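Pasted below: target_31.txt, compact mmCIF, C-alpha atoms.
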```
# COMPACT_ATOMS: atom_id res chain seq x y z
CA MET S 1 53.60 5.14 -15.30
CA PRO S 2 54.52 8.61 -16.55
CA THR S 3 57.66 10.10 -15.15
CA LEU S 4 57.58 13.21 -13.05
CA ARG S 5 59.18 15.14 -15.83
CA ASP S 6 56.44 14.19 -18.31
CA ILE S 7 53.79 15.34 -15.89
CA ARG S 8 55.50 18.65 -15.26
CA LYS S 9 55.72 19.20 -19.00
CA ARG S 10 52.01 18.55 -19.35
CA LEU S 11 51.25 20.91 -16.49
CA LYS S 12 53.23 23.64 -18.17
CA ALA S 13 51.36 23.10 -21.42
CA ILE S 14 47.99 23.39 -19.71
CA GLN S 15 49.05 26.54 -17.93
CA ASN S 16 50.05 28.08 -21.23
CA THR S 17 46.76 27.12 -22.82
CA LYS S 18 44.95 28.72 -19.94
CA LYS S 19 46.82 31.95 -20.46
CA ILE S 20 45.84 31.97 -24.12
CA THR S 21 42.17 31.24 -23.55
CA ALA S 22 42.01 33.88 -20.83
CA ALA S 23 43.54 36.42 -23.18
CA MET S 24 41.17 35.44 -25.98
CA LYS S 25 38.28 35.93 -23.66
CA MET S 26 39.40 39.46 -22.88
CA VAL S 27 39.80 40.26 -26.56
CA ALA S 28 36.34 38.88 -27.33
CA ALA S 29 34.88 40.90 -24.48
CA ALA S 30 36.41 44.12 -25.75
CA LYS S 31 35.27 43.49 -29.31
CA MET S 32 31.83 42.54 -28.18
CA ARG S 33 31.36 45.71 -26.19
CA LYS S 34 32.14 47.74 -29.28
CA VAL S 35 29.73 45.91 -31.57
CA GLN S 36 27.10 45.69 -28.89
CA ASP S 37 27.05 49.46 -28.51
CA ARG S 38 26.61 49.96 -32.21
CA MET S 39 23.95 47.31 -32.35
CA LEU S 40 21.93 48.59 -29.41
CA ASN S 41 22.02 52.10 -30.83
CA PHE S 42 20.90 50.85 -34.19
CA ARG S 43 18.03 48.71 -32.95
CA PRO S 44 15.46 51.46 -32.36
CA TYR S 45 16.09 52.84 -35.84
CA SER S 46 15.66 49.54 -37.60
CA SER S 47 12.61 48.49 -35.61
CA ARG S 48 10.89 51.85 -36.22
CA MET S 49 11.77 51.57 -39.86
CA GLN S 50 10.15 48.18 -39.92
CA THR S 51 6.97 49.52 -38.35
CA VAL S 52 6.81 52.40 -40.80
CA LEU S 53 7.42 50.14 -43.72
CA SER S 54 4.81 47.58 -42.81
CA ASP S 55 2.31 50.43 -42.37
CA LEU S 56 3.18 51.75 -45.79
CA ALA S 57 3.13 48.35 -47.42
CA ARG S 58 -0.24 47.47 -45.98
CA VAL S 59 -1.96 50.23 -47.88
CA ALA S 60 0.19 50.23 -50.98
CA GLU S 61 -0.60 48.43 -54.19
CA ARG S 62 1.75 45.59 -54.90
CA GLU S 63 2.43 46.71 -58.46
CA LEU S 64 3.87 49.97 -57.26
CA HIS S 65 7.42 48.81 -56.81
CA PRO S 66 9.30 45.68 -57.89
CA LEU S 67 10.32 44.99 -54.30
CA LEU S 68 6.69 44.79 -53.25
CA ALA S 69 5.79 42.32 -55.96
CA LEU S 70 4.40 39.04 -54.73
CA ARG S 71 5.28 36.14 -57.00
CA MET S 72 4.83 32.42 -56.96
CA ARG S 73 7.31 30.94 -54.55
CA LYS S 74 9.35 29.00 -57.06
CA THR S 75 12.88 29.90 -56.11
CA VAL S 76 13.91 30.91 -52.62
CA GLU S 77 17.14 32.67 -51.80
CA VAL S 78 18.60 31.75 -48.43
CA LEU S 79 21.23 34.03 -46.94
CA VAL S 80 23.12 32.41 -44.09
CA ILE S 81 25.20 34.63 -41.82
CA THR S 82 27.98 33.05 -39.78
CA SER S 83 31.42 34.05 -38.58
CA ASP S 84 34.77 33.71 -40.29
CA LYS S 85 36.58 32.27 -37.32
CA GLY S 86 35.81 29.40 -35.04
CA LEU S 87 36.47 28.97 -31.32
CA CYS S 88 33.11 30.35 -30.45
CA GLY S 89 31.26 27.35 -29.12
CA ALA S 90 28.12 26.23 -30.86
CA PHE S 91 27.60 29.60 -32.54
CA ASN S 92 28.18 28.42 -36.09
CA ALA S 93 27.02 24.85 -35.57
CA ASN S 94 23.58 26.00 -34.43
CA ILE S 95 23.01 28.24 -37.36
CA LEU S 96 24.32 25.79 -39.92
CA ARG S 97 22.16 23.01 -38.54
CA THR S 98 19.05 25.19 -38.79
CA ALA S 99 19.97 26.39 -42.25
CA ASN S 100 20.67 22.91 -43.50
CA LYS S 101 17.39 21.61 -42.18
CA TYR S 102 15.53 24.48 -43.75
CA LEU S 103 17.20 23.90 -47.11
CA GLU S 104 16.34 20.20 -46.97
CA GLY S 105 12.75 21.15 -46.22
CA LEU S 106 12.59 23.46 -49.23
CA LYS S 107 14.04 20.78 -51.47
CA HIS S 108 11.44 18.38 -50.18
CA GLU S 109 8.70 20.79 -51.17
CA GLY S 110 10.20 20.95 -54.63
CA ILE S 111 11.23 24.58 -54.35
CA GLN S 112 14.37 25.76 -56.09
CA ILE S 113 17.07 27.13 -53.85
CA THR S 114 19.72 29.73 -54.33
CA LEU S 115 22.17 30.10 -51.52
CA SER S 116 24.35 32.96 -50.38
CA THR S 117 26.58 33.03 -47.36
CA VAL S 118 28.32 35.53 -45.18
CA GLY S 119 31.32 34.22 -43.29
CA ARG S 120 33.89 31.58 -44.03
CA LYS S 121 32.25 28.96 -41.83
CA ALA S 122 29.02 28.89 -43.79
CA ARG S 123 30.85 28.89 -47.09
CA ASP S 124 33.00 25.92 -46.14
CA PHE S 125 30.09 24.03 -44.62
CA PHE S 126 27.92 24.25 -47.71
CA ARG S 127 30.79 23.71 -50.07
CA ARG S 128 31.53 20.42 -48.31
CA ARG S 129 27.91 19.45 -48.76
CA GLY S 130 28.07 20.08 -52.47
CA TYR S 131 25.95 23.20 -52.65
CA THR S 132 26.85 25.83 -55.17
CA MET S 133 26.65 29.27 -53.73
CA ARG S 134 25.30 32.17 -55.69
CA ASN S 135 27.46 34.48 -53.67
CA SER S 136 29.62 34.34 -50.60
CA TRP S 137 31.03 37.22 -48.65
CA THR S 138 33.88 36.71 -46.25
CA GLY S 139 36.10 38.87 -44.10
CA LEU S 140 33.21 40.75 -42.55
CA SER S 141 32.97 39.42 -39.05
CA GLY S 142 34.44 41.73 -36.49
CA LYS S 143 34.50 44.71 -38.81
CA VAL S 144 31.00 45.10 -40.13
CA SER S 145 30.38 48.35 -41.91
CA TYR S 146 27.35 49.86 -43.54
CA THR S 147 29.11 49.61 -46.88
CA ASN S 148 29.13 45.82 -46.57
CA ALA S 149 25.40 45.86 -45.94
CA GLN S 150 24.87 48.11 -48.94
CA GLU S 151 26.79 45.75 -51.16
CA ILE S 152 24.83 42.71 -50.05
CA ALA S 153 21.52 44.55 -50.22
CA ALA S 154 22.23 45.85 -53.73
CA ASN S 155 22.97 42.32 -54.87
CA LEU S 156 19.77 40.94 -53.37
CA VAL S 157 17.62 43.75 -54.71
CA GLU S 158 19.02 43.39 -58.20
CA ASN S 159 18.45 39.66 -58.32
CA TYR S 160 15.01 39.91 -56.82
CA THR S 161 14.05 42.47 -59.42
CA ASN S 162 15.46 40.22 -62.17
CA GLU S 163 13.33 37.41 -60.78
CA THR S 164 16.34 35.23 -60.07
CA PHE S 165 14.45 34.33 -56.91
CA ASP S 166 11.01 35.07 -55.52
CA GLU S 167 11.70 35.22 -51.83
CA VAL S 168 14.63 36.01 -49.57
CA ILE S 169 15.16 34.40 -46.19
CA VAL S 170 17.97 35.53 -43.94
CA ILE S 171 19.21 33.16 -41.24
CA TYR S 172 21.37 34.73 -38.55
CA ASN S 173 22.05 34.73 -34.83
CA GLU S 174 20.16 37.32 -32.90
CA PHE S 175 21.80 38.76 -29.84
CA LYS S 176 19.60 38.10 -26.82
CA SER S 177 22.05 38.55 -23.99
CA LEU S 178 25.66 37.89 -23.15
CA ILE S 179 24.95 34.22 -22.71
CA ALA S 180 22.13 33.66 -25.16
CA GLN S 181 21.94 33.87 -28.91
CA LYS S 182 18.89 32.92 -30.86
CA VAL S 183 18.95 31.53 -34.37
CA THR S 184 16.54 33.71 -36.29
CA MET S 185 14.95 33.39 -39.69
CA MET S 186 13.83 36.62 -41.25
CA LYS S 187 11.80 36.93 -44.41
CA LEU S 188 13.40 39.91 -46.09
CA LEU S 189 11.62 39.93 -49.43
CA PRO S 190 8.95 40.37 -50.65
CA LEU S 191 8.34 43.36 -48.47
CA GLY S 192 5.32 43.95 -46.38
CA VAL S 193 4.41 40.40 -45.56
CA ILE S 194 6.97 40.43 -42.80
CA GLU S 195 4.83 40.41 -39.73
CA SER S 196 6.68 42.05 -36.89
CA GLU S 197 6.75 39.92 -33.79
CA GLU S 198 4.03 41.80 -31.96
CA ALA S 199 0.52 41.90 -33.36
CA PRO S 200 -0.40 45.02 -35.30
CA LYS S 201 -1.06 47.82 -32.87
CA GLU S 202 -4.40 49.58 -32.76
CA SER S 203 -2.66 52.72 -33.94
CA ALA S 204 -1.84 50.94 -37.18
CA MET S 205 -3.43 52.92 -39.92
CA THR S 206 -5.74 51.63 -42.57
CA ALA S 207 -6.16 54.85 -44.53
CA ASP S 208 -3.61 55.74 -47.13
CA TYR S 209 -1.06 58.43 -46.49
CA LEU S 210 -0.51 61.74 -48.12
CA TYR S 211 2.89 61.58 -49.73
CA GLU S 212 5.32 64.36 -50.34
CA PRO S 213 6.93 64.14 -52.86
CA SER S 214 5.02 61.44 -54.74
CA ARG S 215 4.67 57.95 -53.38
CA ALA S 216 6.68 56.51 -56.26
CA VAL S 217 9.64 58.72 -55.46
CA ILE S 218 9.51 57.88 -51.77
CA PHE S 219 9.26 54.14 -52.36
CA GLU S 220 12.04 54.28 -54.88
CA ARG S 221 14.36 55.57 -52.17
CA LEU S 222 12.94 54.03 -49.04
CA LEU S 223 12.55 50.39 -50.05
CA PRO S 224 16.16 49.68 -51.06
CA LYS S 225 17.29 51.57 -47.99
CA TYR S 226 15.09 49.41 -45.84
CA ILE S 227 16.77 46.29 -47.21
CA GLU S 228 20.16 47.77 -46.42
CA ILE S 229 19.08 48.55 -42.91
CA GLN S 230 17.78 45.06 -42.27
CA ILE S 231 20.94 43.47 -43.61
CA TYR S 232 23.08 45.81 -41.57
CA ARG S 233 21.12 44.97 -38.47
CA ALA S 234 21.47 41.23 -39.10
CA LEU S 235 25.22 41.65 -39.60
CA LEU S 236 25.57 43.62 -36.38
CA GLU S 237 23.48 41.16 -34.40
CA SER S 238 25.46 38.26 -35.75
CA SER S 239 28.74 39.97 -35.02
CA ALA S 240 27.81 40.79 -31.44
CA SER S 241 26.49 37.27 -30.91
CA GLU S 242 29.70 35.82 -32.28
CA GLU S 243 31.86 37.70 -29.83
CA ALA S 244 29.52 36.89 -26.97
CA ALA S 245 29.61 33.21 -27.88
CA ARG S 246 33.38 33.31 -28.13
CA MET S 247 33.60 34.98 -24.76
CA ALA S 248 31.50 32.26 -23.16
CA ALA S 249 33.46 29.52 -24.91
CA MET S 250 36.78 30.93 -23.77
CA GLU S 251 35.49 31.41 -20.26
CA ASN S 252 34.61 27.72 -20.19
CA ALA S 253 37.93 26.73 -21.64
CA THR S 254 39.74 28.75 -18.98
CA LYS S 255 37.69 27.08 -16.28
CA ASN S 256 38.45 23.63 -17.67
CA CYS S 257 42.14 24.48 -17.72
CA SER S 258 42.03 25.44 -14.05
CA GLU S 259 40.39 22.15 -13.20
CA LEU S 260 42.92 20.22 -15.22
CA ILE S 261 45.78 22.08 -13.58
CA ASN S 262 44.52 21.04 -10.15
CA LYS S 263 44.24 17.42 -11.21
CA VAL S 264 47.64 17.27 -12.83
CA THR S 265 49.31 19.06 -9.93
CA LEU S 266 47.86 16.44 -7.60
CA LEU S 267 49.17 13.70 -9.85
CA ALA S 268 52.60 15.33 -9.99
CA ASN S 269 52.76 15.50 -6.21
CA LYS S 270 51.75 11.87 -5.88
CA VAL S 271 54.40 10.73 -8.32
CA ARG S 272 57.00 12.89 -6.60
CA GLN S 273 56.12 11.41 -3.23
CA ALA S 274 56.16 7.89 -4.60
CA GLY S 275 59.64 8.61 -5.94
CA ILE S 276 60.88 9.89 -2.60
CA THR S 277 59.43 6.90 -0.77
CA LYS S 278 61.11 4.57 -3.20
CA ASP S 279 64.46 6.34 -2.77
CA LEU S 280 64.12 6.18 1.01
CA MET S 281 63.35 2.48 0.87
CA ASP S 282 66.47 1.98 -1.23
CA ILE S 283 68.62 3.88 1.26
CA VAL S 284 67.18 2.08 4.26
CA GLY S 285 67.62 -1.22 2.46
CA GLY S 286 71.24 -0.33 1.70
CA VAL S 287 71.98 0.63 5.29
CA GLU S 288 70.46 -2.60 6.56
CA ALA S 289 72.58 -4.57 4.11
CA LEU S 290 75.76 -2.79 5.24
CA LYS S 291 75.03 -3.50 8.91
CA GLN S 292 75.09 -7.24 8.37
CA MET N 1 -4.98 69.90 -23.51
CA GLU N 2 -5.18 66.17 -23.36
CA ASN N 3 -4.33 65.40 -26.95
CA LYS N 4 -0.63 64.94 -27.31
CA ILE N 5 1.64 63.80 -30.07
CA LYS N 6 4.26 61.20 -29.47
CA LEU N 7 7.37 62.53 -31.13
CA GLU N 8 10.16 60.09 -31.76
CA ILE N 9 13.42 60.84 -33.50
CA VAL N 10 15.62 57.87 -34.33
CA THR N 11 18.87 57.72 -36.22
CA PRO N 12 21.23 54.84 -36.98
CA TYR N 13 23.25 56.04 -34.00
CA GLY N 14 20.46 55.75 -31.52
CA LEU N 15 17.19 57.07 -30.24
CA ILE N 16 17.58 60.83 -30.02
CA LEU N 17 14.25 61.78 -28.61
CA SER N 18 11.02 60.20 -27.46
CA GLU N 19 8.55 62.58 -25.89
CA GLU N 20 4.91 63.52 -25.61
CA VAL N 21 4.62 66.96 -27.16
CA ASP N 22 1.91 69.43 -28.15
CA GLU N 23 3.13 70.62 -31.51
CA VAL N 24 5.83 69.76 -34.02
CA SER N 25 7.06 71.73 -36.98
CA THR N 26 9.84 70.90 -39.38
CA SER N 27 10.98 71.29 -42.94
CA GLY N 28 10.02 68.64 -45.44
CA SER N 29 11.62 68.37 -48.84
CA GLU N 30 8.59 70.10 -50.38
CA GLY N 31 8.26 72.77 -47.74
CA ASP N 32 7.84 73.37 -44.05
CA PHE N 33 4.96 71.85 -42.23
CA GLY N 34 3.48 71.80 -38.76
CA VAL N 35 1.73 69.01 -36.96
CA LEU N 36 -0.97 69.26 -34.32
CA PRO N 37 -2.78 66.31 -32.77
CA GLY N 38 -5.23 64.71 -35.18
CA HIS N 39 -3.18 65.25 -38.32
CA VAL N 40 -4.04 63.11 -41.34
CA PRO N 41 -1.62 60.28 -42.15
CA PHE N 42 1.26 61.88 -43.94
CA PHE N 43 4.59 60.65 -45.18
CA THR N 44 7.37 62.86 -46.43
CA THR N 45 11.08 63.11 -46.93
CA LEU N 46 12.96 65.64 -44.87
CA LYS N 47 15.76 67.87 -45.91
CA ILE N 48 18.58 69.26 -43.86
CA GLY N 49 17.05 71.62 -41.41
CA MET N 50 15.50 72.36 -38.11
CA LEU N 51 12.74 70.61 -36.26
CA SER N 52 11.02 72.35 -33.39
CA TYR N 53 8.53 71.01 -30.95
CA LYS N 54 6.42 72.67 -28.30
CA LYS N 55 5.80 71.18 -24.96
CA GLY N 56 3.73 73.41 -22.73
CA ASN N 57 5.27 76.83 -23.06
CA THR N 58 8.77 75.78 -23.98
CA THR N 59 9.97 75.26 -27.49
CA ASN N 60 12.88 72.95 -28.22
CA TYR N 61 14.95 72.66 -31.35
CA VAL N 62 16.57 69.71 -33.06
CA PHE N 63 18.88 69.60 -36.04
CA VAL N 64 17.77 66.97 -38.56
CA ASN N 65 19.92 65.76 -41.44
CA TRP N 66 17.83 64.13 -44.18
CA GLY N 67 15.42 61.35 -43.50
CA TYR N 68 11.75 60.51 -43.43
CA ALA N 69 8.83 61.64 -41.36
CA GLU N 70 5.77 59.55 -40.76
CA VAL N 71 2.87 61.46 -39.29
CA GLY N 72 -0.21 59.93 -37.76
CA PRO N 73 -3.06 61.35 -35.67
CA ASP N 74 -1.16 60.82 -32.44
CA ARG N 75 2.45 60.43 -33.44
CA VAL N 76 5.32 61.80 -35.43
CA MET N 77 8.13 59.46 -36.26
CA ILE N 78 11.31 60.91 -37.65
CA LEU N 79 13.77 58.50 -39.24
CA ALA N 80 16.77 60.71 -39.80
CA ASP N 81 20.22 59.97 -41.14
CA SER N 82 21.49 61.98 -38.21
CA ALA N 83 20.01 64.37 -35.69
CA GLU N 84 21.21 66.42 -32.77
CA LYS N 85 19.38 68.27 -30.06
CA SER N 86 20.35 71.91 -30.03
CA GLU N 87 22.16 71.56 -26.71
CA ASP N 88 24.24 68.69 -28.11
CA ILE N 89 25.53 70.53 -31.16
CA ASP N 90 29.22 71.18 -31.31
CA VAL N 91 29.21 74.75 -32.60
CA GLU N 92 32.96 74.93 -33.00
CA ARG N 93 32.95 71.88 -35.18
CA ALA N 94 30.07 73.16 -37.26
CA LYS N 95 31.87 76.48 -37.78
CA ALA N 96 35.04 74.71 -38.83
CA ALA N 97 33.03 72.56 -41.21
CA MET N 98 31.40 75.67 -42.64
CA LYS N 99 34.74 77.30 -43.28
CA ARG N 100 36.09 74.16 -44.90
CA ALA N 101 33.05 73.81 -47.12
CA GLU N 102 33.20 77.47 -48.18
CA GLU N 103 36.82 77.12 -49.18
CA ARG N 104 36.01 74.06 -51.19
CA LEU N 105 33.18 75.78 -52.94
CA LYS N 106 35.51 78.58 -54.04
CA LYS N 107 37.66 76.14 -55.95
CA ALA N 108 34.64 74.21 -57.04
CA GLU N 109 36.18 72.58 -60.05
CA GLU N 110 38.64 70.70 -57.88
CA PHE N 111 36.10 69.32 -55.48
CA ASP N 112 32.81 67.60 -55.68
CA PHE N 113 30.49 70.58 -55.74
CA ALA N 114 27.43 68.75 -54.46
CA ARG N 115 29.26 67.30 -51.53
CA ALA N 116 30.71 70.59 -50.47
CA SER N 117 27.44 72.44 -50.72
CA ALA N 118 25.63 69.73 -48.76
CA SER N 119 28.26 69.97 -46.08
CA LEU N 120 27.89 73.76 -46.04
CA GLU N 121 24.15 73.43 -45.74
CA ARG N 122 24.52 71.04 -42.83
CA ALA N 123 26.92 73.32 -41.03
CA LEU N 124 24.67 76.34 -41.47
CA ALA N 125 21.63 74.45 -40.22
CA ARG N 126 23.55 73.20 -37.21
CA ILE N 127 24.68 76.69 -36.31
CA GLN N 128 21.19 78.03 -36.78
CA VAL N 129 19.72 75.38 -34.48
CA ALA N 130 22.44 75.87 -31.91
CA GLU N 131 21.78 79.60 -31.77
CA LYS N 132 18.15 78.92 -30.98
CA ARG N 133 18.91 77.17 -27.79
CA THR N 134 18.72 80.24 -25.61
CA GLY N 135 15.56 81.50 -27.30
```

Show how you would write the structure in this file as structure tokens.
Amino acid sequence: MPTLRDIRKRLKAIQNTKKITAAMKMVAAAKMRKVQDRMLNFRPYSSRMQTVLSDLARVAERELHPLLALRMRKTVEVLVITSDKGLCGAFNANILRTANKYLEGLKHEGIQITLSTVGRKARDFFRRRGYTMRNSWTGLSGKVSYTNAQEIAANLVENYTNETFDEVIVIYNEFKSLIAQKVTMMKLLPLGVIESEEAPKESAMTADYLYEPSRAVIFERLLPKYIEIQIYRALLESSASEEAARMAAMENATKNCSELINKVTLLANKVRQAGITKDLMDIVGGVEALKQ
Amino acid sequence: MENKIKLEIVTPYGLILSEEVDEVSTSGSEGDFGVLPGHVPFFTTLKIGMLSYKKGNTTNYVFVNWGYAEVGPDRVMILADSAEKSEDIDVERAKAAMKRAEERLKKAEEFDFARASASLERALARIQVAEKRTG
């Protein structure tokens, strides 16, 4: 039987935890709002870019640019985007499970894998499983900038051009709503075979474009930029999802604390009452003994 | 006229404009061009400059800072690094930027010449677009 003092101590501890989780929720909410704004503003740009690019790629010859080259799928690069910090529910677990399964699948097919990660969680996860990572970026979550995306994109483009790998898959959390994130796999390279989610529209053009300046010059600039944009979008989506997931997790934790506080308060009252009853019995017993 | 062009201007900072218009003209890197409905598929890079579009009898102006234009028979898609509608331009800021850039150009050896002249060009284009708003 715990003493009253033990119970009070426990109660205090739970109350403190509740304060912390409530504060963390507020912080996550504020951060999320910031990233969410950036992400929502960026979405139309990246989706239009994707439409334009798939139109261009459809009519372009594959030999025109190294990023359009289709090669045998011998080595596949998988880029996994997670967060640096935990305490965000199943956010990282979901993505790592999907990524791990996908990697196992590739191995089963006899395809070589190169692995890159963004975020400490992915790095640690795969390191524990004995994977060697080609590259891992950390310290990005919460402060994603376009420069980060440029760095990652440049690395991918260079290695794709060098034929280090023949395909690039990006696995990240897409922001659906405040309470829903969706693990998404995006085929980043080779370009042009990415089918956007909706079927090609009837306005999709089959004739080639007139280019000004030449097509080579435009592709030279546009294709690497497109990669940057897609990476940036994935980073933003992941970042917003992370904060949303953390918000939900902290909300739950706060709720659980409240429940626990009620339970423990009840227990404390019971023990206190039991103590008083016992004391009273002692006094009454003493008085009775004195009377005799 | 029933044939319209769907003009969309998007930048990394959001969708600036999405409208059905009659006519679009803007400056590509190789020269100015105009678009009427039924244009052949056309893809070009844009330089710093002004885009104007006609809708009925009114003409509107937009400042466009680099980017790409994709033209189809019934649409014009502008993917710009940044863009501002003429009524959204902060003229004071543009003028200050112009002054700063001019000063930098004077002592060109100290500063990155290309950067300063690009910034001057941007400021001038902004001011030009902003002045059009009453016209």

Spatial neighbours of stretch 34-45 of chain S, max dist 12 Å, all atoms listed in the file, sep filter under 3 positions, as JSON, numbers by chain:
{"S": [27, 28, 29, 30, 31, 48, 49, 50, 51, 52, 141, 142, 143, 144, 145, 146, 174, 175, 176, 177, 178, 226, 229, 230, 231, 232, 233, 234, 235, 236, 237, 238, 239, 240, 241, 242, 243, 244], "N": [8, 9, 10, 11, 12, 13, 14, 15, 16, 17, 18, 67, 68, 77, 78, 79, 80, 81, 82]}

Suppose we keep C-alpha atoms; can you now write the selection as a compact mmCIF listing (two decimals), in the frame of the given file?
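Final file, out_38.txt:
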```
# COMPACT_ATOMS: atom_id res chain seq x y z
CA VAL S 27 39.80 40.26 -26.56
CA ALA S 28 36.34 38.88 -27.33
CA ALA S 29 34.88 40.90 -24.48
CA ALA S 30 36.41 44.12 -25.75
CA LYS S 31 35.27 43.49 -29.31
CA ARG S 48 10.89 51.85 -36.22
CA MET S 49 11.77 51.57 -39.86
CA GLN S 50 10.15 48.18 -39.92
CA THR S 51 6.97 49.52 -38.35
CA VAL S 52 6.81 52.40 -40.80
CA SER S 141 32.97 39.42 -39.05
CA GLY S 142 34.44 41.73 -36.49
CA LYS S 143 34.50 44.71 -38.81
CA VAL S 144 31.00 45.10 -40.13
CA SER S 145 30.38 48.35 -41.91
CA TYR S 146 27.35 49.86 -43.54
CA GLU S 174 20.16 37.32 -32.90
CA PHE S 175 21.80 38.76 -29.84
CA LYS S 176 19.60 38.10 -26.82
CA SER S 177 22.05 38.55 -23.99
CA LEU S 178 25.66 37.89 -23.15
CA TYR S 226 15.09 49.41 -45.84
CA ILE S 229 19.08 48.55 -42.91
CA GLN S 230 17.78 45.06 -42.27
CA ILE S 231 20.94 43.47 -43.61
CA TYR S 232 23.08 45.81 -41.57
CA ARG S 233 21.12 44.97 -38.47
CA ALA S 234 21.47 41.23 -39.10
CA LEU S 235 25.22 41.65 -39.60
CA LEU S 236 25.57 43.62 -36.38
CA GLU S 237 23.48 41.16 -34.40
CA SER S 238 25.46 38.26 -35.75
CA SER S 239 28.74 39.97 -35.02
CA ALA S 240 27.81 40.79 -31.44
CA SER S 241 26.49 37.27 -30.91
CA GLU S 242 29.70 35.82 -32.28
CA GLU S 243 31.86 37.70 -29.83
CA ALA S 244 29.52 36.89 -26.97
CA GLU N 8 10.16 60.09 -31.76
CA ILE N 9 13.42 60.84 -33.50
CA VAL N 10 15.62 57.87 -34.33
CA THR N 11 18.87 57.72 -36.22
CA PRO N 12 21.23 54.84 -36.98
CA TYR N 13 23.25 56.04 -34.00
CA GLY N 14 20.46 55.75 -31.52
CA LEU N 15 17.19 57.07 -30.24
CA ILE N 16 17.58 60.83 -30.02
CA LEU N 17 14.25 61.78 -28.61
CA SER N 18 11.02 60.20 -27.46
CA GLY N 67 15.42 61.35 -43.50
CA TYR N 68 11.75 60.51 -43.43
CA MET N 77 8.13 59.46 -36.26
CA ILE N 78 11.31 60.91 -37.65
CA LEU N 79 13.77 58.50 -39.24
CA ALA N 80 16.77 60.71 -39.80
CA ASP N 81 20.22 59.97 -41.14
CA SER N 82 21.49 61.98 -38.21
```

Identify, on the basis of all atoms listed in the file, every residue whose closest approach to N:Glu102 does not exceed 7 Å; exclude the query and any residue fewer than 4 positions from it along the same chain; express the result as an NGL selection string.
:N and (98 or 106 or 120)

Could you check the closest approach to S:Val78 for each of S:Thr184, S:Ser116, S:Asn100, S:Asn269 and tell me which residue wins, using only C-alpha atoms?
S:Ser116

Kindly indicate which residue among N:Thr44, N:Asn3, N:Ser86, N:Asn57 lies nearest to N:Lys132, using all atoms listed in the file for the distances.
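Closest to N:Lys132 of all the choices is N:Ser86.
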
Protein, DNA and RNA residues within 7 Å of (31.0, 32.6, -52.3), only C-alpha atoms, as number ranges by chain
S: 116-117, 123, 133-137

Counting only C-alpha atoms, the option among S:Cys257, S:Ile218, S:Ile171, S:Ala180 closest to chain N:
S:Ile218

Nearest to chain N among S:Leu188, S:Leu56, S:Leu260, S:Ala122, with distances taken over all atoms listed in the file: which residue is it?
S:Leu56

Closest-contact table, stretch 81-187 of chain S side, partner stretch 70-74 of chain S, 7 Å, counting only C-alpha atoms, as JSON lines:
```
{"residue": "S:Ile111", "atom": "CA", "partner": "S:Lys74", "partner_atom": "CA", "distance": 5.5}
{"residue": "S:Gln112", "atom": "CA", "partner": "S:Lys74", "partner_atom": "CA", "distance": 6.1}
{"residue": "S:Asp166", "atom": "CA", "partner": "S:Arg73", "partner_atom": "CA", "distance": 5.6}
{"residue": "S:Glu167", "atom": "CA", "partner": "S:Arg73", "partner_atom": "CA", "distance": 6.7}
```

I'd like the neighbourhood of N:Thr59 as a list in words, where a residue qualifies if any of its atoms comes within 10 Å (using only C-alpha atoms), though same-chain residues fewer than 5 positions away should be ignored.
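In the requested form, the answer reads Val21, Asp22, Glu23, Val24, Ser52, Tyr53, Lys54, Lys132, Arg133 and Gly135 of chain N.
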
Grab the residues selected above and save them as an mmCIF file, in the frame of the given file with C-alpha atoms.
```cif
data_model
loop_
_atom_site.group_PDB
_atom_site.id
_atom_site.type_symbol
_atom_site.label_atom_id
_atom_site.label_comp_id
_atom_site.auth_asym_id
_atom_site.auth_seq_id
_atom_site.Cartn_x
_atom_site.Cartn_y
_atom_site.Cartn_z
ATOM 1 C CA VAL N 21 4.620 66.960 -27.160
ATOM 2 C CA ASP N 22 1.910 69.430 -28.150
ATOM 3 C CA GLU N 23 3.130 70.620 -31.510
ATOM 4 C CA VAL N 24 5.830 69.760 -34.020
ATOM 5 C CA SER N 52 11.020 72.350 -33.390
ATOM 6 C CA TYR N 53 8.530 71.010 -30.950
ATOM 7 C CA LYS N 54 6.420 72.670 -28.300
ATOM 8 C CA LYS N 132 18.150 78.920 -30.980
ATOM 9 C CA ARG N 133 18.910 77.170 -27.790
ATOM 10 C CA GLY N 135 15.560 81.500 -27.300
#
```

I'd like the contact shell of stretch 47-50 of chain N - 8 Å cut-off, only C-alpha atoms, skipping same-chain residues fewer than 5 positions apart - returned as a ChimeraX atom specification.
/N:26-29,61-67,121-122,125-126,129

Which polymer residues have any atom within 9 Å of an atom of S:Glu77, counting all atoms listed in the file, with same-chain residues fewer than 2 positions away left out, as a tab-separated table (two decimals) with C-alpha atoms, in the coordinates of the input?
```tsv
chain	number	residue	atom	x	y	z
S	75	THR	CA	12.88	29.90	-56.11
S	79	LEU	CA	21.23	34.03	-46.94
S	112	GLN	CA	14.37	25.76	-56.09
S	113	ILE	CA	17.07	27.13	-53.85
S	114	THR	CA	19.72	29.73	-54.33
S	115	LEU	CA	22.17	30.10	-51.52
S	116	SER	CA	24.35	32.96	-50.38
S	156	LEU	CA	19.77	40.94	-53.37
S	164	THR	CA	16.34	35.23	-60.07
S	165	PHE	CA	14.45	34.33	-56.91
S	166	ASP	CA	11.01	35.07	-55.52
S	167	GLU	CA	11.70	35.22	-51.83
S	168	VAL	CA	14.63	36.01	-49.57
S	169	ILE	CA	15.16	34.40	-46.19
S	170	VAL	CA	17.97	35.53	-43.94
```
